[in-house]
Each structure stands twice: as structure tokens, then as C-alpha cells.
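Reproduced below: target_34.csv, with CSV, C-alpha atoms and all ligand atoms.
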chain,number,residue,atom,x,y,z
A,16,MET,CA,5.2,-12.2,-21.0
A,17,GLN,CA,4.1,-11.7,-17.4
A,18,ARG,CA,0.4,-12.4,-16.8
A,19,LYS,CA,-1.7,-9.4,-15.6
A,20,HIS,CA,-2.6,-9.8,-11.9
A,21,PHE,CA,-6.0,-9.0,-10.5
A,22,ASN,CA,-7.5,-9.3,-7.0
A,23,ILE,CA,-11.1,-9.9,-6.4
A,24,PRO,CA,-11.5,-7.8,-3.2
A,25,ILE,CA,-13.8,-9.0,-0.4
A,26,PHE,CA,-13.9,-6.6,2.5
A,27,ILE,CA,-14.4,-8.0,6.0
A,28,PRO,CA,-14.9,-4.6,7.8
A,29,ASN,CA,-13.7,-4.3,11.4
A,30,ALA,CA,-14.4,-8.0,12.0
A,31,ALA,CA,-12.8,-9.6,15.0
A,32,CYS,CA,-10.8,-6.5,15.9
A,33,PRO,CA,-9.7,-6.6,19.5
A,34,HIS,CA,-8.6,-3.0,19.4
A,35,GLN,CA,-9.8,0.2,17.7
A,36,CYS,CA,-6.9,1.7,15.9
A,37,VAL,CA,-7.2,5.5,16.0
A,38,PHE,CA,-7.1,6.0,12.3
A,39,CYS,CA,-9.5,3.2,11.3
A,40,ASP,CA,-13.0,3.0,10.3
A,41,GLN,CA,-12.8,0.2,7.8
A,42,LYS,CA,-16.4,0.6,6.9
A,43,LYS,CA,-15.7,4.1,5.6
A,44,ILE,CA,-12.4,3.3,4.0
A,45,SER,CA,-13.5,0.2,2.2
A,46,GLY,CA,-17.1,1.3,1.5
A,47,ALA,CA,-18.4,-2.0,3.0
A,48,ASP,CA,-20.4,-2.0,6.1
A,49,LYS,CA,-21.1,-5.6,7.0
A,50,ILE,CA,-19.5,-9.0,7.0
A,51,PRO,CA,-20.5,-10.7,3.7
A,52,SER,CA,-22.4,-14.0,3.7
A,53,VAL,CA,-21.1,-16.9,1.6
A,54,ASP,CA,-23.8,-16.1,-1.0
A,55,MET,CA,-22.6,-12.6,-1.2
A,56,ILE,CA,-19.0,-13.8,-1.6
A,57,ASN,CA,-20.0,-16.1,-4.5
A,58,ASP,CA,-22.0,-13.3,-6.1
A,59,MET,CA,-19.0,-10.9,-5.9
A,60,ILE,CA,-16.5,-13.4,-7.2
A,61,GLN,CA,-18.7,-14.3,-10.1
A,62,LYS,CA,-19.4,-10.7,-10.9
A,63,TYR,CA,-15.6,-9.9,-11.0
A,64,LEU,CA,-14.7,-13.0,-12.9
A,65,GLY,CA,-17.2,-11.9,-15.6
A,66,THR,CA,-15.2,-8.7,-16.1
A,67,MET,CA,-11.7,-10.2,-16.1
A,68,ARG,CA,-9.6,-11.1,-19.2
A,69,GLU,CA,-8.9,-14.8,-19.7
A,70,GLY,CA,-5.3,-15.7,-19.0
A,71,SER,CA,-5.0,-13.2,-16.2
A,72,GLU,CA,-3.6,-14.2,-12.8
A,73,ILE,CA,-6.5,-13.8,-10.4
A,74,GLU,CA,-6.6,-14.0,-6.6
A,75,ILE,CA,-9.4,-13.7,-4.1
A,76,ALA,CA,-8.4,-11.2,-1.5
A,77,PHE,CA,-10.0,-10.9,1.9
A,78,PHE,CA,-9.1,-7.4,3.0
A,79,GLY,CA,-9.9,-5.2,6.0
A,80,GLY,CA,-10.7,-6.5,9.4
A,81,ASN,CA,-8.6,-9.1,11.1
A,82,PHE,CA,-9.2,-12.3,9.1
A,83,THR,CA,-7.3,-14.7,11.4
A,84,GLY,CA,-9.1,-13.2,14.5
A,85,LEU,CA,-12.4,-14.5,13.1
A,86,PRO,CA,-13.8,-17.7,14.7
A,87,VAL,CA,-12.3,-20.7,13.0
A,88,ASN,CA,-15.6,-21.9,11.6
A,89,ILE,CA,-16.2,-18.5,9.9
A,90,GLN,CA,-12.6,-18.5,8.5
A,91,GLU,CA,-13.2,-22.0,7.1
A,92,LYS,CA,-16.6,-21.0,5.6
A,93,PHE,CA,-15.0,-18.1,3.7
A,94,LEU,CA,-12.0,-20.1,2.7
A,95,GLN,CA,-14.1,-23.0,1.4
A,96,ALA,CA,-16.1,-20.6,-0.7
A,97,ALA,CA,-13.0,-19.2,-2.2
A,98,CYS,CA,-11.3,-22.6,-2.6
A,99,LYS,CA,-14.0,-23.8,-4.9
A,100,TYR,CA,-12.8,-21.3,-7.5
A,101,ILE,CA,-9.2,-22.5,-7.2
A,102,ARG,CA,-10.4,-26.1,-7.8
A,103,ASP,CA,-12.3,-24.9,-10.8
A,104,ARG,CA,-9.1,-23.2,-12.0
A,105,LYS,CA,-10.9,-19.8,-12.1
A,106,VAL,CA,-8.5,-18.2,-9.7
A,107,SER,CA,-4.9,-19.0,-8.7
A,108,GLY,CA,-4.9,-18.3,-5.0
A,109,ILE,CA,-6.3,-16.6,-1.9
A,110,ARG,CA,-4.7,-13.6,-0.1
A,111,LEU,CA,-5.8,-12.0,3.1
A,112,SER,CA,-4.9,-9.2,5.5
A,113,THR,CA,-4.6,-9.6,9.2
A,114,ARG,CA,-2.9,-8.3,12.4
A,115,PRO,CA,0.6,-9.4,13.4
A,116,ASP,CA,-0.6,-10.5,16.8
A,117,TYR,CA,-3.1,-12.9,15.2
A,118,ILE,CA,-0.5,-15.1,13.5
A,119,ASN,CA,0.9,-18.3,14.9
A,120,GLU,CA,1.7,-21.8,13.6
A,121,ASP,CA,-1.8,-23.2,14.2
A,122,LYS,CA,-3.4,-20.4,12.3
A,123,ILE,CA,-1.0,-20.8,9.4
A,124,THR,CA,-1.7,-24.6,9.3
A,125,LEU,CA,-5.3,-23.8,8.8
A,126,LEU,CA,-4.7,-21.2,6.0
A,127,LYS,CA,-2.3,-23.6,4.2
A,128,GLN,CA,-5.0,-26.3,4.1
A,129,TYR,CA,-7.1,-23.8,2.0
A,130,ASN,CA,-4.4,-22.7,-0.4
A,131,VAL,CA,-3.9,-19.3,1.0
A,132,THR,CA,-1.0,-17.9,-1.1
A,133,ALA,CA,-0.4,-14.5,0.5
A,134,ILE,CA,-0.8,-12.9,3.9
A,135,GLU,CA,-0.6,-9.1,4.3
A,136,LEU,CA,0.2,-7.9,7.8
A,137,GLY,CA,-0.7,-4.4,9.0
A,138,ALA,CA,2.7,-3.6,10.5
A,139,GLN,CA,1.9,0.2,10.2
A,140,SER,CA,5.1,1.2,12.1
A,141,MET,CA,8.1,-0.4,13.7
A,142,ASP,CA,8.2,2.2,16.5
A,143,ASN,CA,6.5,1.1,19.7
A,144,GLU,CA,5.6,4.6,20.8
A,145,ILE,CA,3.8,5.2,17.5
A,146,LEU,CA,2.0,1.9,17.7
A,147,LYS,CA,0.8,2.8,21.2
A,148,LEU,CA,-0.3,6.3,20.3
A,149,SER,CA,-2.2,4.7,17.4
A,150,GLY,CA,-4.1,2.2,19.6
A,151,ARG,CA,-2.7,-0.7,17.6
A,152,GLY,CA,-2.4,-3.0,20.6
A,153,HIS,CA,0.7,-4.9,19.3
A,154,THR,CA,4.4,-4.1,19.2
A,155,ALA,CA,7.1,-4.1,16.6
A,156,ASP,CA,8.3,-7.5,18.0
A,157,ASP,CA,4.9,-9.0,17.0
A,158,VAL,CA,5.6,-7.9,13.4
A,159,VAL,CA,9.0,-9.5,13.5
A,160,ARG,CA,7.6,-12.8,15.0
A,161,ALA,CA,4.6,-13.0,12.6
A,162,SER,CA,6.7,-12.2,9.6
A,163,SER,CA,9.1,-15.0,10.4
A,164,VAL,CA,6.3,-17.5,10.9
A,165,ILE,CA,4.8,-16.6,7.6
A,166,LYS,CA,8.1,-16.7,5.7
A,167,LYS,CA,8.9,-20.1,7.1
A,168,SER,CA,5.5,-21.4,5.9
A,169,GLY,CA,6.3,-20.5,2.3
A,170,ILE,CA,3.2,-18.3,2.1
A,171,SER,CA,4.0,-14.9,0.4
A,172,LEU,CA,4.5,-12.2,3.0
A,173,GLY,CA,3.1,-8.6,2.5
A,174,LEU,CA,3.8,-5.8,5.0
A,175,GLN,CA,1.8,-2.6,5.1
A,176,ILE,CA,3.1,0.6,6.7
A,177,MET,CA,1.5,4.0,7.4
A,178,ILE,CA,3.2,7.3,7.1
A,179,GLY,CA,2.4,10.2,9.5
A,180,LEU,CA,0.7,8.3,12.4
A,181,PRO,CA,0.7,10.1,15.8
A,182,GLY,CA,4.3,10.5,16.9
A,183,ASP,CA,5.8,9.8,13.5
A,184,THR,CA,8.8,11.7,12.2
A,185,PRO,CA,10.8,11.5,8.9
A,186,GLU,CA,13.5,9.6,10.8
A,187,LYS,CA,11.0,7.1,12.3
A,188,THR,CA,9.4,6.6,8.9
A,189,ILE,CA,12.9,5.8,7.4
A,190,ASN,CA,13.7,3.5,10.4
A,191,THR,CA,10.3,1.7,9.9
A,192,ALA,CA,10.9,1.2,6.2
A,193,GLN,CA,14.4,-0.1,6.8
A,194,ARG,CA,13.3,-2.6,9.5
A,195,VAL,CA,10.3,-3.7,7.4
A,196,ALA,CA,12.6,-4.2,4.4
A,197,ALA,CA,15.0,-6.3,6.6
A,198,LEU,CA,12.1,-8.7,7.3
A,199,GLY,CA,12.2,-9.7,3.6
A,200,PRO,CA,8.5,-9.3,2.6
A,201,ASP,CA,7.6,-10.1,-1.0
A,202,THR,CA,5.3,-7.1,-1.2
A,203,ALA,CA,4.7,-3.9,0.7
A,204,ARG,CA,2.0,-1.2,0.8
A,205,ILE,CA,2.5,2.4,1.8
A,206,TYR,CA,-0.4,4.4,3.1
A,207,PRO,CA,-0.4,8.0,4.2
A,208,THR,CA,-2.4,8.6,7.4
A,209,ILE,CA,-5.6,10.6,6.8
A,210,VAL,CA,-8.3,11.6,9.3
A,211,ILE,CA,-11.6,9.8,8.7
A,212,LYS,CA,-14.9,10.8,10.1
A,213,GLY,CA,-15.9,9.0,13.3
A,214,THR,CA,-12.4,7.7,14.2
A,215,GLY,CA,-10.2,8.4,17.3
A,216,LEU,CA,-8.0,10.4,15.0
A,217,GLU,CA,-10.9,12.8,14.3
A,218,ARG,CA,-11.2,13.5,18.0
A,219,MET,CA,-7.4,14.0,18.3
A,220,TYR,CA,-7.5,16.3,15.2
A,221,HIS,CA,-10.2,18.5,16.7
A,222,THR,CA,-8.5,18.8,20.1
A,223,LYS,CA,-5.2,19.5,18.2
A,224,GLU,CA,-3.5,16.4,19.7
A,225,TYR,CA,-2.9,15.3,16.1
A,226,VAL,CA,-1.9,17.3,13.1
A,227,PRO,CA,-2.0,15.5,9.8
A,228,LEU,CA,0.9,15.7,7.4
A,229,SER,CA,0.7,18.1,4.5
A,230,ILE,CA,0.6,16.5,1.1
A,231,GLU,CA,4.2,17.7,0.5
A,232,ASP,CA,5.5,16.0,3.7
A,233,ALA,CA,3.5,12.8,3.1
A,234,THR,CA,4.9,12.7,-0.4
A,235,GLU,CA,8.4,13.3,0.8
A,236,TRP,CA,8.3,10.8,3.7
A,237,SER,CA,6.7,8.2,1.4
A,238,SER,CA,9.3,8.7,-1.2
A,239,HIS,CA,12.0,7.6,1.3
A,240,ALA,CA,10.1,4.5,2.2
A,241,LEU,CA,9.4,3.6,-1.5
A,242,GLN,CA,13.1,4.0,-2.3
A,243,ILE,CA,14.1,1.8,0.6
A,244,PHE,CA,11.7,-0.9,-0.6
A,245,ASP,CA,12.7,-0.6,-4.2
A,246,GLU,CA,16.4,-0.9,-3.4
A,247,SER,CA,15.6,-4.0,-1.3
A,248,GLY,CA,13.8,-5.6,-4.3
A,249,ILE,CA,10.4,-5.5,-2.6
A,250,LYS,CA,7.4,-5.1,-4.9
A,251,VAL,CA,5.4,-2.2,-3.7
A,252,ILE,CA,1.8,-3.0,-4.7
A,253,ARG,CA,0.2,0.2,-3.4
A,254,VAL,CA,1.2,3.7,-2.5
A,255,GLY,CA,-1.7,5.8,-1.3
A,256,LEU,CA,-5.3,5.0,-0.3
A,257,HIS,CA,-7.7,3.5,-2.7
A,258,PRO,CA,-10.1,6.3,-3.5
A,259,SER,CA,-13.4,4.9,-2.2
A,260,GLU,CA,-16.6,6.8,-2.9
A,261,GLY,CA,-16.7,8.3,0.6
A,262,LEU,CA,-13.2,9.7,0.3
A,263,LEU,CA,-13.8,11.1,-3.2
A,264,SER,CA,-17.1,12.7,-2.3
A,265,GLY,CA,-15.6,14.1,0.9
A,266,GLU,CA,-18.3,12.5,3.0
A,267,SER,CA,-15.9,10.5,5.2
A,268,PHE,CA,-12.8,12.6,4.7
A,269,ILE,CA,-11.9,15.1,7.5
A,270,ALA,CA,-8.3,16.1,6.9
A,271,GLY,CA,-4.9,14.8,5.7
A,272,PRO,CA,-2.9,14.0,2.7
A,273,PHE,CA,-5.4,12.2,0.5
A,274,HIS,CA,-4.8,12.4,-3.2
A,275,PRO,CA,-6.2,10.1,-5.9
A,276,SER,CA,-2.8,10.1,-7.7
A,277,PHE,CA,-0.7,9.8,-4.5
A,278,ARG,CA,1.7,7.2,-6.1
A,279,GLU,CA,2.3,9.4,-9.0
A,280,LEU,CA,3.1,12.3,-6.7
A,281,VAL,CA,5.6,10.2,-4.8
A,282,LEU,CA,7.3,9.0,-7.9
A,283,THR,CA,7.3,12.5,-9.3
A,284,ARG,CA,9.1,13.5,-6.0
A,285,ILE,CA,11.7,10.8,-6.4
A,286,TRP,CA,12.4,12.0,-10.0
A,287,LYS,CA,12.5,15.6,-8.9
A,288,LYS,CA,15.4,14.8,-6.6
A,289,LEU,CA,17.2,12.9,-9.4
A,290,LEU,CA,16.7,15.8,-11.9
A,291,ASP,CA,17.2,18.9,-9.9
A,292,ARG,CA,21.0,18.7,-10.3
A,293,PHE,CA,20.3,20.1,-13.9
A,294,LEU,CA,19.3,23.3,-12.2
A,295,TYR,CA,23.0,23.9,-11.3
A,296,VAL,CA,24.7,23.2,-14.7
A,297,SER,CA,26.2,26.1,-16.6
A,298,GLU,CA,24.1,27.7,-19.2
A,299,ASN,CA,22.7,25.5,-22.0
A,300,GLU,CA,19.8,26.1,-24.4
A,301,GLU,CA,18.2,22.7,-24.6
A,302,LEU,CA,18.1,19.6,-22.4
A,303,ILE,CA,17.1,16.1,-23.6
A,304,ILE,CA,16.5,13.4,-20.9
A,305,TYR,CA,16.3,9.7,-21.9
A,306,VAL,CA,14.3,7.5,-19.5
A,307,ASN,CA,12.9,4.0,-19.3
A,308,PRO,CA,9.4,4.1,-20.9
A,309,GLU,CA,7.8,2.9,-17.6
A,310,GLU,CA,9.3,5.8,-15.8
A,311,TYR,CA,8.5,8.4,-18.4
A,312,ASN,CA,5.3,9.8,-16.8
A,313,TYR,CA,7.0,10.1,-13.4
A,314,ALA,CA,10.1,11.6,-14.8
A,315,VAL,CA,8.1,14.3,-16.6
A,316,GLY,CA,6.2,14.6,-13.3
A,317,TYR,CA,2.6,14.9,-12.1
A,318,GLU,CA,1.1,17.7,-14.2
A,319,ALA,CA,4.5,17.9,-15.9
A,320,SER,CA,5.9,19.5,-12.7
A,321,ASN,CA,9.5,18.2,-13.2
A,322,LYS,CA,9.5,19.4,-16.8
A,323,LYS,CA,8.2,22.8,-15.7
A,324,MET,CA,10.9,22.9,-13.0
A,325,LEU,CA,13.6,22.3,-15.6
A,326,GLY,CA,11.9,24.7,-18.0
A,327,LYS,CA,12.8,27.6,-15.7
A,328,LYS,CA,16.5,26.9,-16.5
A,329,PHE,CA,16.4,25.6,-20.1
A,330,ARG,CA,14.7,27.2,-23.1
A,331,LYS,CA,13.6,23.7,-24.2
A,332,VAL,CA,13.3,20.4,-22.2
A,333,VAL,CA,12.5,17.1,-24.0
A,334,PHE,CA,12.0,13.7,-22.3
A,335,LYS,CA,12.5,10.7,-24.6
A,336,LYS,CA,11.6,7.0,-23.9
A,337,GLU,CA,14.6,4.8,-24.1
A,338,PRO,CA,13.9,1.1,-23.5
A,339,SER,CA,17.6,0.2,-23.1
A,340,ILE,CA,17.7,2.3,-19.9
A,341,LYS,CA,16.8,0.4,-16.8
A,342,GLY,CA,14.8,1.5,-13.7
A,343,ARG,CA,15.4,5.1,-12.6
A,344,TYR,CA,18.7,5.6,-14.5
A,345,TYR,CA,18.6,8.2,-17.2
A,346,GLY,CA,20.7,9.7,-19.9
A,347,SER,CA,21.0,13.3,-20.9
A,348,THR,CA,22.2,15.6,-23.7
A,349,TYR,CA,22.7,19.3,-23.7
A,350,LEU,CA,22.4,21.3,-26.9
A,401,LIG,S1,-6.8,-3.9,13.3
A,401,LIG,FE1,-7.2,-3.2,11.2
A,401,LIG,S2,-9.4,-3.3,10.9
A,401,LIG,FE2,-9.0,-3.5,13.1
A,401,LIG,S3,-9.3,-1.4,13.9
A,401,LIG,FE3,-7.1,-1.7,13.5
A,401,LIG,S4,-6.8,-1.1,11.3
A,401,LIG,FE4,-9.0,-1.3,11.7
Turn the structure described in the file into C-alpha cells.
Ligand code: SF4
Amino acid sequence: MQRKHFNIPIFIPNAACPHQCVFCDQKKISGADKIPSVDMINDMIQKYLGTMREGSEIEIAFFGGNFTGLPVNIQEKFLQAACKYIRDRKVSGIRLSTRPDYINEDKITLLKQYNVTAIELGAQSMDNEILKLSGRGHTADDVVRASSVIKKSGISLGLQIMIGLPGDTPEKTINTAQRVAALGPDTARIYPTIVIKGTGLERMYHTKEYVPLSIEDATEWSSHALQIFDESGIKVIRVGLHPSEGLLSGESFIAGPFHPSFRELVLTRIWKKLLDRFLYVSENEELIIYVNPEEYNYAVGYEASNKKMLGKKFRKVVFKKEPSIKGRYYGSTYL
């Protein structure tokens, strides 16, 4: 049986960022506001370890900021602290997030010395105009080059994209997902763009230079990206923003397609498109749909929306779990 995977997240907010991306206030997104000390890192790791089940696969994850942009002595300090837990066999590896223009062979050599197992790059888009409008300060070529350096090193590559950045369109989202998939990452994350208080995007939102996506459009565009990654065999480890306290309370949220169950909405959308053909069949009383147990909730839909959609056509709609069915295939019977 596959071991359950957990990350121990350590946020390095806005550290070593040479640019200010228009959408970003890492402090508000992550809920962290200062670079942690080694003591704080140890405390956090121990606290998390105390809550995790034995036998789980656990990685220490340095997220946020621009890890490989930190001075080397600080990178080493953090990595040494994390490495101790690998030596003690408490965790299996270290993962970190960074910018594509802060990856080169020398930086990778350092990370390999400290058993870094996965690097996640904020690609965000493969469209240079979108990257420019978003203040990213790197190009799509940087993503291609950095991805190739990471893949050659044997470290697992993760790529993160954002949906609905300034200048984005459905076609550009699809193109970005296709180009990212072609880079062969092991994992991907899909984040809808939202407007956070105090960011450049907030100013653009108030001056009407930027209009956030509706939840429907963000869901639809994300569903294309997710399908492209799924079809390429890329493990999508996140769809939608992690609901931090500031986002849930509305304190840092200004506008945009934030939803605590965003992934479920996107998967519901994918299933809606698979199932809506039943709306066009000739009259039947009852419809039974057989799906893989892992897909069951998404097939039924968020708040049973797909079931309700079919319920307008059929007197009775029943979804059944069928373990022999793989992925998003399904069987059906009419009565
Ligand atoms: S590089 Fe990352 S952390 Fe830095 S401003 Fe941009 S999104 Fe935020």
C-alpha cells in the first residue's frame, strides 16, 4: 500500500525576492510574516512530527519566497536544520519552492549536498506578456532552462501555474498547461489568481486595469489545465489556494475566485462535461452511473450539482461505486 505523504510546511515569506509580483503578498497568503530562525524551524518540525502517523512519508517543505535567492549561508543554515531529521530517519526528504531565474548548476549542487528531493518552480505562465504584466521579472525561457537543469540533476521537478493573471485568456491557459506538461514535471499545482490586500493587483483592480475571473471561468479554465496534466501523467498536488486564516476571514481577500473547495469545483466541472451527454438521450425513467470510488464525489458533483443536472431529465439518478472502473471512465444503465 502507498504510504501517506505529508509536508511539514515552513514559510519563508517574500525572502530574497528581486521583484514584486503583482499578485503576491506571501505574508498574507501563507499567514507567516517573518523569516523563521533555526530554533523556530526545529520547533515547527517537532510540533508537526508529534501529530503525524508513524510509517507516513514526511518531507520538510520550504515554501514561499525564493529559497535559492537567499544568501548561501542562510540556505545552508536552513538545510542543515532540516537534514538532521533526515539523518534521524524522521523525515524522508526536503522540498522547496523557488523562482525559475534562480536555478543554475551551482545552486543545484548545493541543494543536492543537503538531500533536497524536490524543487517546485513558480512558472505561473508560459506567456511572456502575462509574465511581464504580472511583474514576474523572468521569461518562459527561464522556466524551460531551469526545468531542464532540475530534471538532469535527478531532483523531482514541480511546476506551479496561475490561472487568470493579467492578460490571460482561455487559449493562453491551455497553451501554458501544454508547454508546462511538455517539460515533464513530476508534480504540478494550479492556482487561480485572486486579489489580495496590499498587492499591485489590488491597485490594478481598483483602477479597473485588472478584472478577476469569475468562479465559473476560473473553474472552467482550470479544468482544461488539470485535464492536460492528468493526460500527461503529471501528479497535480494542489488545485486552488490553501485557505489561510486571512483568506477565510476575508481580512486579506479583496476579490477573485477564491473557494475553499476549489479542486472539488474543478473536478465537478470535468465530470459535468463528461455527463451532460445524458441530457440528450431519448426518454428514460432512471439512470444508473457506475464510477471509480475515488471519483464518486466529483461525479455526483459539488453539492450534488451533477446529480441535480441529470435529475432534470431523469425521474431517478443513481451513482454507484465500481472499483473495476479506472480513472474517469464510467458505465451506465437506463431503466
Ligand atoms: S517571486 Fe514568489 S514570493 Fe517573490 S514576490 Fe513573486 S510570487 Fe511572491
Distance query A:Lys19 at most 12 Å, only C-alpha atoms, self and fewer than 4 positions along chain excluded, as a PyMOL selection string: chain A and resi 67-74
Centre and size of axis-aligned box enclosing ligand LIG 401 (chain A) plus 3 Å each side, as JSON:
{"center_x": -8.1, "center_y": -2.5, "center_z": 12.4, "size_x": 8.6, "size_y": 8.8, "size_z": 9.0}
Polymer residues at most 10 Å from stretch 123-130 of chain A, only C-alpha atoms, same-chain spacing of 5 or more positions, as a PyMOL selection string: chain A and resi 83+87+90-91+93-99+101+107-111+118+164-165+168-170
Pick from A:Met59, A:Ser52, A:Gln242, A:Asp183 nearest to A:Tyr225, counting only C-alpha atoms: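 Selected residue with least distance to A:Tyr225: A:Asp183.
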Protein and nucleic acid residues near (-7.8, -11.2, 12.6) (cut-off 12 Å, only C-alpha atoms) as a PyMOL selection string: chain A and resi 27-34+77-87+89-90+111-119+122+134-137
Residue nearest ligand LIG 401 (chain A) among A:Glu298, A:Asp40, A:Asp103, A:Asp291 (counting all atoms listed in the file): A:Asp40
For A:Glu310: contacts at 12 Å, only C-alpha atoms, fewer than 3 positions along chain excluded, given as a compact mmCIF listing (two decimals) with C-alpha atoms, in the frame of the given file:
# COMPACT_ATOMS: atom_id res chain seq x y z
CA GLU A 279 2.30 9.40 -9.00
CA LEU A 282 7.30 9.00 -7.90
CA THR A 283 7.30 12.50 -9.30
CA ILE A 285 11.70 10.80 -6.40
CA TRP A 286 12.40 12.00 -10.00
CA ILE A 304 16.50 13.40 -20.90
CA TYR A 305 16.30 9.70 -21.90
CA VAL A 306 14.30 7.50 -19.50
CA ASN A 307 12.90 4.00 -19.30
CA TYR A 313 7.00 10.10 -13.40
CA ALA A 314 10.10 11.60 -14.80
CA VAL A 315 8.10 14.30 -16.60
CA GLY A 316 6.20 14.60 -13.30
CA TYR A 317 2.60 14.90 -12.10
CA PHE A 334 12.00 13.70 -22.30
CA LYS A 335 12.50 10.70 -24.60
CA LYS A 336 11.60 7.00 -23.90
CA GLU A 337 14.60 4.80 -24.10
CA PRO A 338 13.90 1.10 -23.50
CA ILE A 340 17.70 2.30 -19.90
CA LYS A 341 16.80 0.40 -16.80
CA GLY A 342 14.80 1.50 -13.70
CA ARG A 343 15.40 5.10 -12.60
CA TYR A 344 18.70 5.60 -14.50
CA TYR A 345 18.60 8.20 -17.20
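Residue nearest A:Lys287 within the list A:His257, A:His274, A:Lys323, A:Lys166: A:Lys323 [criterion: smallest interatomic distance, all atoms listed in the file].
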Selection: 10 Å around stretch 60-63 of chain A, only C-alpha atoms, excl. self and same-chain fewer than 3 positions, as a PyMOL selection string: chain A and resi 21-25+54-57+66-67+73-75+96-97+100+105-106
Distance of atom CA of A:Leu256 from atom CA of A:Ile50, expressed in Å to one decimal place: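 Answer for the atom CA of A:Ile50 to atom CA of A:Leu256 separation: 21.2 Å.
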Separation of atom CA of A:Ser276 from atom CA of A:Tyr220 in Å: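 So the two atoms, atom CA of A:Tyr220 and atom CA of A:Ser276, lie 24.2 Å apart.
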Which residue of A:Val333, A:Leu289, A:Ile209, A:Ala192 approaches A:Met141 most closely, using only C-alpha atoms: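 Closest residue, counting only C-alpha atoms: A:Ala192.
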For atom CA of A:Pro207 and atom CA of A:Val195, the interatomic separation in Å (one decimal): 16.2 Å
Given all atoms listed in the file as the counted atoms, nearest of A:Ser264, A:Gln193, A:Thr208, A:Ser229 to A:Asp245: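 Residue with the minimum atom-to-atom distance to A:Asp245: A:Gln193.
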From A:Leu350, A:Val296, A:Ala319, A:Val159, residue lying nearest A:Lys331 [all atoms listed in the file]: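 Nearest to A:Lys331: A:Leu350.
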Pull N, CA and C atoms for stretch 236-256 of chain A from the block and write them as a CSV table (one decimal), in the first residue's frame.
chain,number,residue,atom,x,y,z
A,236,TRP,N,-11.4,27.2,-16.8
A,236,TRP,CA,-10.0,27.3,-17.3
A,236,TRP,C,-9.1,26.3,-16.6
A,237,SER,N,-9.3,26.2,-15.3
A,237,SER,CA,-8.5,25.3,-14.5
A,237,SER,C,-8.8,23.8,-14.9
A,238,SER,N,-10.1,23.6,-15.3
A,238,SER,CA,-10.4,22.2,-15.7
A,238,SER,C,-9.6,21.8,-16.9
A,239,HIS,N,-9.4,22.7,-17.8
A,239,HIS,CA,-8.6,22.4,-19.0
A,239,HIS,C,-7.1,22.0,-18.6
A,240,ALA,N,-6.6,22.9,-17.7
A,240,ALA,CA,-5.2,22.7,-17.3
A,240,ALA,C,-5.1,21.3,-16.6
A,241,LEU,N,-6.0,21.1,-15.7
A,241,LEU,CA,-6.0,19.8,-14.9
A,241,LEU,C,-6.1,18.6,-15.9
A,242,GLN,N,-6.9,18.7,-16.9
A,242,GLN,CA,-7.1,17.5,-17.8
A,242,GLN,C,-5.8,17.3,-18.6
A,243,ILE,N,-5.1,18.4,-19.0
A,243,ILE,CA,-3.9,18.3,-19.7
A,243,ILE,C,-2.8,17.7,-18.9
A,244,PHE,N,-2.7,18.1,-17.6
A,244,PHE,CA,-1.7,17.5,-16.7
A,244,PHE,C,-2.1,16.0,-16.4
A,245,ASP,N,-3.3,15.7,-16.2
A,245,ASP,CA,-3.7,14.3,-15.9
A,245,ASP,C,-3.4,13.4,-17.1
A,246,GLU,N,-3.7,13.9,-18.3
A,246,GLU,CA,-3.4,13.1,-19.5
A,246,GLU,C,-2.0,12.9,-19.8
A,247,SER,N,-1.1,13.8,-19.2
A,247,SER,CA,0.3,13.7,-19.4
A,247,SER,C,0.9,12.9,-18.2
A,248,GLY,N,0.1,12.4,-17.3
A,248,GLY,CA,0.6,11.6,-16.2
A,248,GLY,C,1.3,12.4,-15.1
A,249,ILE,N,1.0,13.7,-15.1
A,249,ILE,CA,1.6,14.5,-14.1
A,249,ILE,C,0.7,14.6,-12.8
A,250,LYS,N,1.3,14.4,-11.7
A,250,LYS,CA,0.6,14.3,-10.4
A,250,LYS,C,0.2,15.8,-10.0
A,251,VAL,N,-1.0,16.1,-10.0
A,251,VAL,CA,-1.4,17.5,-9.6
A,251,VAL,C,-1.6,17.5,-8.1
A,252,ILE,N,-0.7,18.2,-7.4
A,252,ILE,CA,-0.8,18.1,-5.9
A,252,ILE,C,-1.6,19.2,-5.3
A,253,ARG,N,-2.0,20.2,-6.1
A,253,ARG,CA,-2.9,21.2,-5.5
A,253,ARG,C,-3.6,21.9,-6.6
A,254,VAL,N,-4.9,22.1,-6.4
A,254,VAL,CA,-5.7,22.9,-7.3
A,254,VAL,C,-6.5,23.9,-6.4
A,255,GLY,N,-6.1,25.2,-6.4
A,255,GLY,CA,-6.8,26.2,-5.6
A,255,GLY,C,-5.8,26.5,-4.4
A,256,LEU,N,-6.1,27.7,-3.9
A,256,LEU,CA,-5.2,28.2,-2.8
A,256,LEU,C,-5.6,27.5,-1.5
